[in-house]
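First comes the structure, then the notes that go with it.
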Amino acid sequence: MAESNKAMASVLYYAREGYYRHVQTVVTELLKTYGSDPALLFWKAYGIIMEDRTSEGIRELESISDKRDMVLCSSMLLIHAHKKCKTVDREAIQQLETKIRSERTTCGEKSLYYAGMLLWLTGKHDKAREYIGRMLKMSPTSKEGLTLQGWIDLTCNRDAFVKKSVKYFDEVLAGTEQPKPLDAMLGKARYYLSRHNFSHALDLLNQAVASYPGCVPALLDKMKVQLALQDWEQTMETAQRCLLTTQDQGGCVEATSLLVLELLAKEGSREEAANRLAHLLVLLDRFEPKNHALYYEMSLPYARIAGGNTLVLEQTTTFVERAISLAPLNPTYVTELAYQLLLRSQVKEALQTYKKAFNLDETSVPALAGIIHCQIVEGQLGEAEQQLDFLREVQSSIGKQANLLFLTALLAHKKGQPHGDVMKALEEVVDVHFGTIKGCPMSTKYFSLLNPAFLLDVTSLLLNYAPNEPTSSSSQVPPILLKAAAILDPLTKSVPGMMEALYLMSRVKFLSGQAETAHQLLQRCLDRSPNSIPSLLMMAQINLHQGNPKLSMQSLEQALSRHFEVQSFPLYHLVRARVMRAQENMAQAVASLKTAMSLLTSSSKKQSPSLSISSSSSLLPPLTLGERLDVYLELASAYTKMGQQADASKVMQDAMAEFTGSAEEVRVQIANADLLLVGGKVEEALQVLKGISAEKPYYIQARERIANVYLSQHKDKAMYLSCYKELASRLPGPTTSLLLGEAYMNVGEVDLALEIYEVGLKQNPGDAVLATKIGQALVNTHNYNKAITYYEAALKEESQRFLRCDLVELYIKLRQYDKAEQTLVAALGHLSQESELSQLMENTKHLLLLAKVYQKSSQQTQTIQTLTKAREVQSRVLKRVGLEQPDAVQAQKQLAASISCQMAEHAAGAQDYDEAVRFYSEALLHNDNHSKARLALAHLHLSRGELEACEHECVTLLRLDPSNEEAIVMKADLLFRKGEYTLAIQHYQELLSKKPKHFVGLSGLIELMRRAGQLGDAQPYIERAETASARSAYEPGLNYCKGLHKWYQNDPNAALHLFNHARKDSEWGEHALFNMIEICLNPDDETLGGEAFKGVEEETEGTQDKGDAEQVAVRTAEKLLKEVHARSPASALKVKVQENYVLMASRSKQGMERALAGFLELANSEQNSVPVLLGVATAHMILKQTPKARNHLKRISKMPWDPQTGEEFEKSWLLLADTYIQAGKYDMAIELLKKCLQYNKSCSKAWEYLGFITEREQAYKDAAVNYENAWKYSNCSNPSIGYKLAFNYLKAKRYVDAIDVCHKVLENHPGYPKIRKEILDKARLSIRS
């Protein structure tokens, strides 16, 4: 029972969908099982006759024409067959009609059912409803009758009947029998589809698929519903399932057609789609070889979404040619062939074909419209206008048609008529065209009706009247761009793989001031077609607008390398000139513009008038009139900048001659006025600008320039304001209201500005820009209470809910966190149950603001919870945005990446580094170019000692952004950690050569050069930074770097002075304070706790009391410590460590014991902290507990070196070496000292210890070499080292060198004890003797 139900439902499905050979195939299989069943033979004859094989069909019907239940339907089908014959047998038809009249008075319910079915399938719904109505009176519960009644009402295109149709299906499906009748299930699902209730339709079809396994019609209808849902992934999965089910029969036509649709509409894979179309043609040739209507219908959507691709259009024209070969007299098919030839830019062939179609049917409006289109493209405007006038008369009787309206606009454009006429016609085009597809769910029919190729031509024509320069962020987007975006928006959503639509949308977004969105859309174009010249040139323009001339030039070079013929396009040279100008290369800019001018002159007559950019993805459309003018204006501007006023004036005169009388004439006048202003001819410029009347385009720009002259040149505020008042009175509207308001703001008349904004907002309650301006004006003038009142009142209006975020930001600014929280919680409660994508996006925005509120109010737990909610909502947004708002995908991914980054920062702050790594990695999954996340991840890897992972992130970041300064600094840091000082220094040098004021890089270079033993080489970079800084004496970063340099040169007093200038800075203050504290506690850079030099230094330095000075320094260090506001756990730890060092510096036993206790307490929580362990060891050494100190120091010596604590490692190795020297273990000490010098070649203390050891061993020459290095790296300023060096020179018989060092010491320290008597005098005496 179920199988027969499925089989008959399949017959009915294929009959409904027009797959007549499929009907015959299914029936033939059933006849093998059921024999010569009259009903099956009727369906077989129906399939044959619908293929126009009328003679064969009539013969099939002869065997069942006398069967009781078949008389009525077979007679009707015979009449239908006779009417399809070339020679109609009128006599036979009359006999059959007589037979029908006789039969229908006595026929039974079965006879009525089949007759009603045939009438419905042949489009006679009312007659079919009459027959089935009679049948249902005989048998009210007949499931077949009720189902057919439902289908008749559902497909009659009359809403009242469509609404009633579902009750018939419900009545059939109400019983308890299982499985439910398949045709009724398919009918009810189709009803839900027609009412856009896709979820119910899908549920019903899932039941049908489960109840009837392997049922292809159920799968096909399911596939159509999934497509209507725009769920491409599920649609393709079902299509593949259909193909798998039908693989024994050789394939499935509808499933294959959907695969082609997905390749073209979603993926944009045109070559693969062309191959699939060839396969689809094979399937049609095999399964529906006589179905001309199917060949024709199959070609429609693919031709219209092919983007002018030749390979695809060659296949679609083959489909139409097949249809024409089967029905050569059908004008509709011939007209379609002509249209597809026009899409292939074969204008002459298209014109001839349109004429053939018109000859077949001289009433064919589409054929005549096609002829007119070809004539306009060919430049035959007179003939086209005559034909179009005739069609306009016809249009009054047939109603408005989009293609005729478009031809009117196109002809007006070609004839140079006022742009207002063209705009009016184009607006009608859009309204009429989108009216025809209103309510149509996504399907192959939808794509045919949408006709993206036509909409691209409409948009291209519209953009001829768009501004050539991007709109500023403070200005309203021109209406023409809003209209273009409204056309392209459904295109980019429905056909995301159509790069021509993406390209035009990117251009619209760019001109609308949304450069980042334009960049993202264009990148999608280039991902699909890397060789597209229009996309590459547009990318060059966007990069240039974003301030990246280098990237812009890369795009131009790529275009040139891919298509050398790009040099023959003026637009290439225009963009190149703009790049050259941005790089201050005016000579090259002028050369490029001259080339563009010569190309314009030579190609003006040859240039193709085609407006469509869909014909080729690799060739450029012709320059618009505005772009042609841009060449002149850019050249004039370049000459002006080079001081060649005469050349500039000549170019402007040429422009005036070229564009007088055109739509761009006013732009020439404005540019000429600008040139006069540059030449100081202010009054002449004003006269030119005042000559531009209000009805002219660019009138607003002219008045703005006049106003600016009055304000900047004449200092006349009254005249400045009068210009904007005149604008507002002559052209009332939101744009001029906004301009007048801004003018009042510019002269400080805030109250008047607010009045203007409020009036404008009353006239346009939904104007977001005006509403925002009012709030901003109140906030900027610190009128916070009034701003809050305004925002609160505005939020009561549904149209101004977008101001909620502004109100919350104001609450945060005023630290009214409770009110901010209440506002957001109320908004989130209102929106939490909404599922609209726009509302989900708003939810995310509100949650992020709420997290900011919690963070500002130090509620960390709530902050993390709110961010988690925001992350969950944003994940829902990402699942839907690709389908519903494809152009917003990148922006939403960036927002998701930002949320992940915030969560990572909180995890890192809580020292949950694994979680932080996970969130940063998640951010990079959302946005691989997120430099902040990648840099933070690299920092995390670096702090954890994961150098390879860190290097991987740095290399990736530098590949994506070679100029990323932080990545360069980190790469240098990595090389430094690896001991590759030379390469690390090179990285810093390259950075500082480009940015001498990059103080992070400069401080890193100083540190590296010190460790490489090249500290003296840092001075030129410091001097260069001083030159580049306008206020170098007050630059905190520069003072910090200079202080660091002086400190490392052993000049602590100068270092303290310089660090003091940086200590109040938010960026450099903390580092400067810590350095100042260290200098105060240890100005001479002694080894704290070390005793190896104690006796010697006391002997050489005497017993000079330094106690008072040390205590002053300690008190200073205490004060400085109080100024430190730790901003990280590492800084907080450093504060505690320094507090204990201050206690130790007091020299009292109590203070030292307290310090030791403090260090030991820290060591319990920070067991592997090198600064803490060093502090413990130092305290033990000062307290004479050497063995305990040595244990801690040995532990440090086994740890891997880390640059972050490099100074502490160095000090611990020196202190441990000191203990070994005291114990006479020189080999062990030397090993540690060499380790110090491995990481810091400038470590004078390590060289001093080595000199001390070799001196003890009486190797005076070696000792002298070590002391030489110690003296050199202490900047020849430490008298103790000088004394030891001179002494070892004396012992090594290097008397002259000893004398030189003595003089140096005495020059800086005249009272230094013993050196004169014990070394200088003895050296002199030795020379004399």
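Residues in the structure tokens are numbered from 1 in each chain, the chains being A, B, ... in the order shown, and ligands are numbered from 1 in the order shown.
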
Which residues come within 8 Å of stretch 363-376 of chain A, counting only C-alpha atoms, excluding same-chain residues fewer than 2 positions away, as a ChimeraX atom specification?
/A:331,335,338-339,342,347-348,350-351,354-355,357-358,361,378-381,383-385,387-388,391,403-404,407,410-411,414

Check your understanding: Per DSSP on the backbone, what are the alpha helix (DSSP H) residues of stretch 992-1241 of chain A, as a ChimeraX atom specification?
Key -> /A:992-994,999-1011,1019-1028,1036-1048,1052-1062,1069-1081,1094-1101,1107-1123,1129-1145,1149-1165,1170-1182,1186-1197,1206-1222,1226-1239

Of A:Ala718, A:Val1142, A:Leu283, A:Met539, the one nearest to A:Asn1082 when counting only C-alpha atoms is A:Val1142

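Reported to one decimal place, the separation of atom CA of A:Lys290 from atom CA of A:Glu51 is 5.6 Å.
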
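Closest approach to A:Gln24 among A:Ile48, A:Ala7, A:Leu96, A:Met185: A:Ile48, based on only C-alpha atoms.
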
Within 8 Å of stretch 313-317 of chain A using only C-alpha atoms, minus same-chain residues under 5 positions, as a PDB file with C-alpha atoms, in the first residue's frame:
```pdb
ATOM      1  CA  ALA A 274      29.953  25.346 -16.288  1.00  0.00           C
ATOM      2  CA  LEU A 277      25.823  22.562 -16.401  1.00  0.00           C
ATOM      3  CA  ALA A 278      27.239  20.391 -19.181  1.00  0.00           C
ATOM      4  CA  SER A 299      18.686  28.184 -18.344  1.00  0.00           C
ATOM      5  CA  LEU A 300      17.053  31.249 -16.775  1.00  0.00           C
ATOM      6  CA  TYR A 302      22.055  30.395 -14.266  1.00  0.00           C
ATOM      7  CA  ALA A 303      22.328  32.951 -17.077  1.00  0.00           C
ATOM      8  CA  ALA A 306      26.639  33.990 -14.197  1.00  0.00           C
ATOM      9  CA  GLY A 308      28.723  37.523 -17.657  1.00  0.00           C
ATOM     10  CA  LEU A 337      18.479  33.481 -26.547  1.00  0.00           C
ATOM     11  CA  GLN A 340      21.777  35.743 -23.207  1.00  0.00           C
ATOM     12  CA  LEU A 341      23.764  36.808 -26.251  1.00  0.00           C
ATOM     13  CA  LEU A 343      24.838  39.170 -21.581  1.00  0.00           C
ATOM     14  CA  ARG A 344      27.814  37.767 -23.507  1.00  0.00           C
TER      15      ARG A 344
END
```
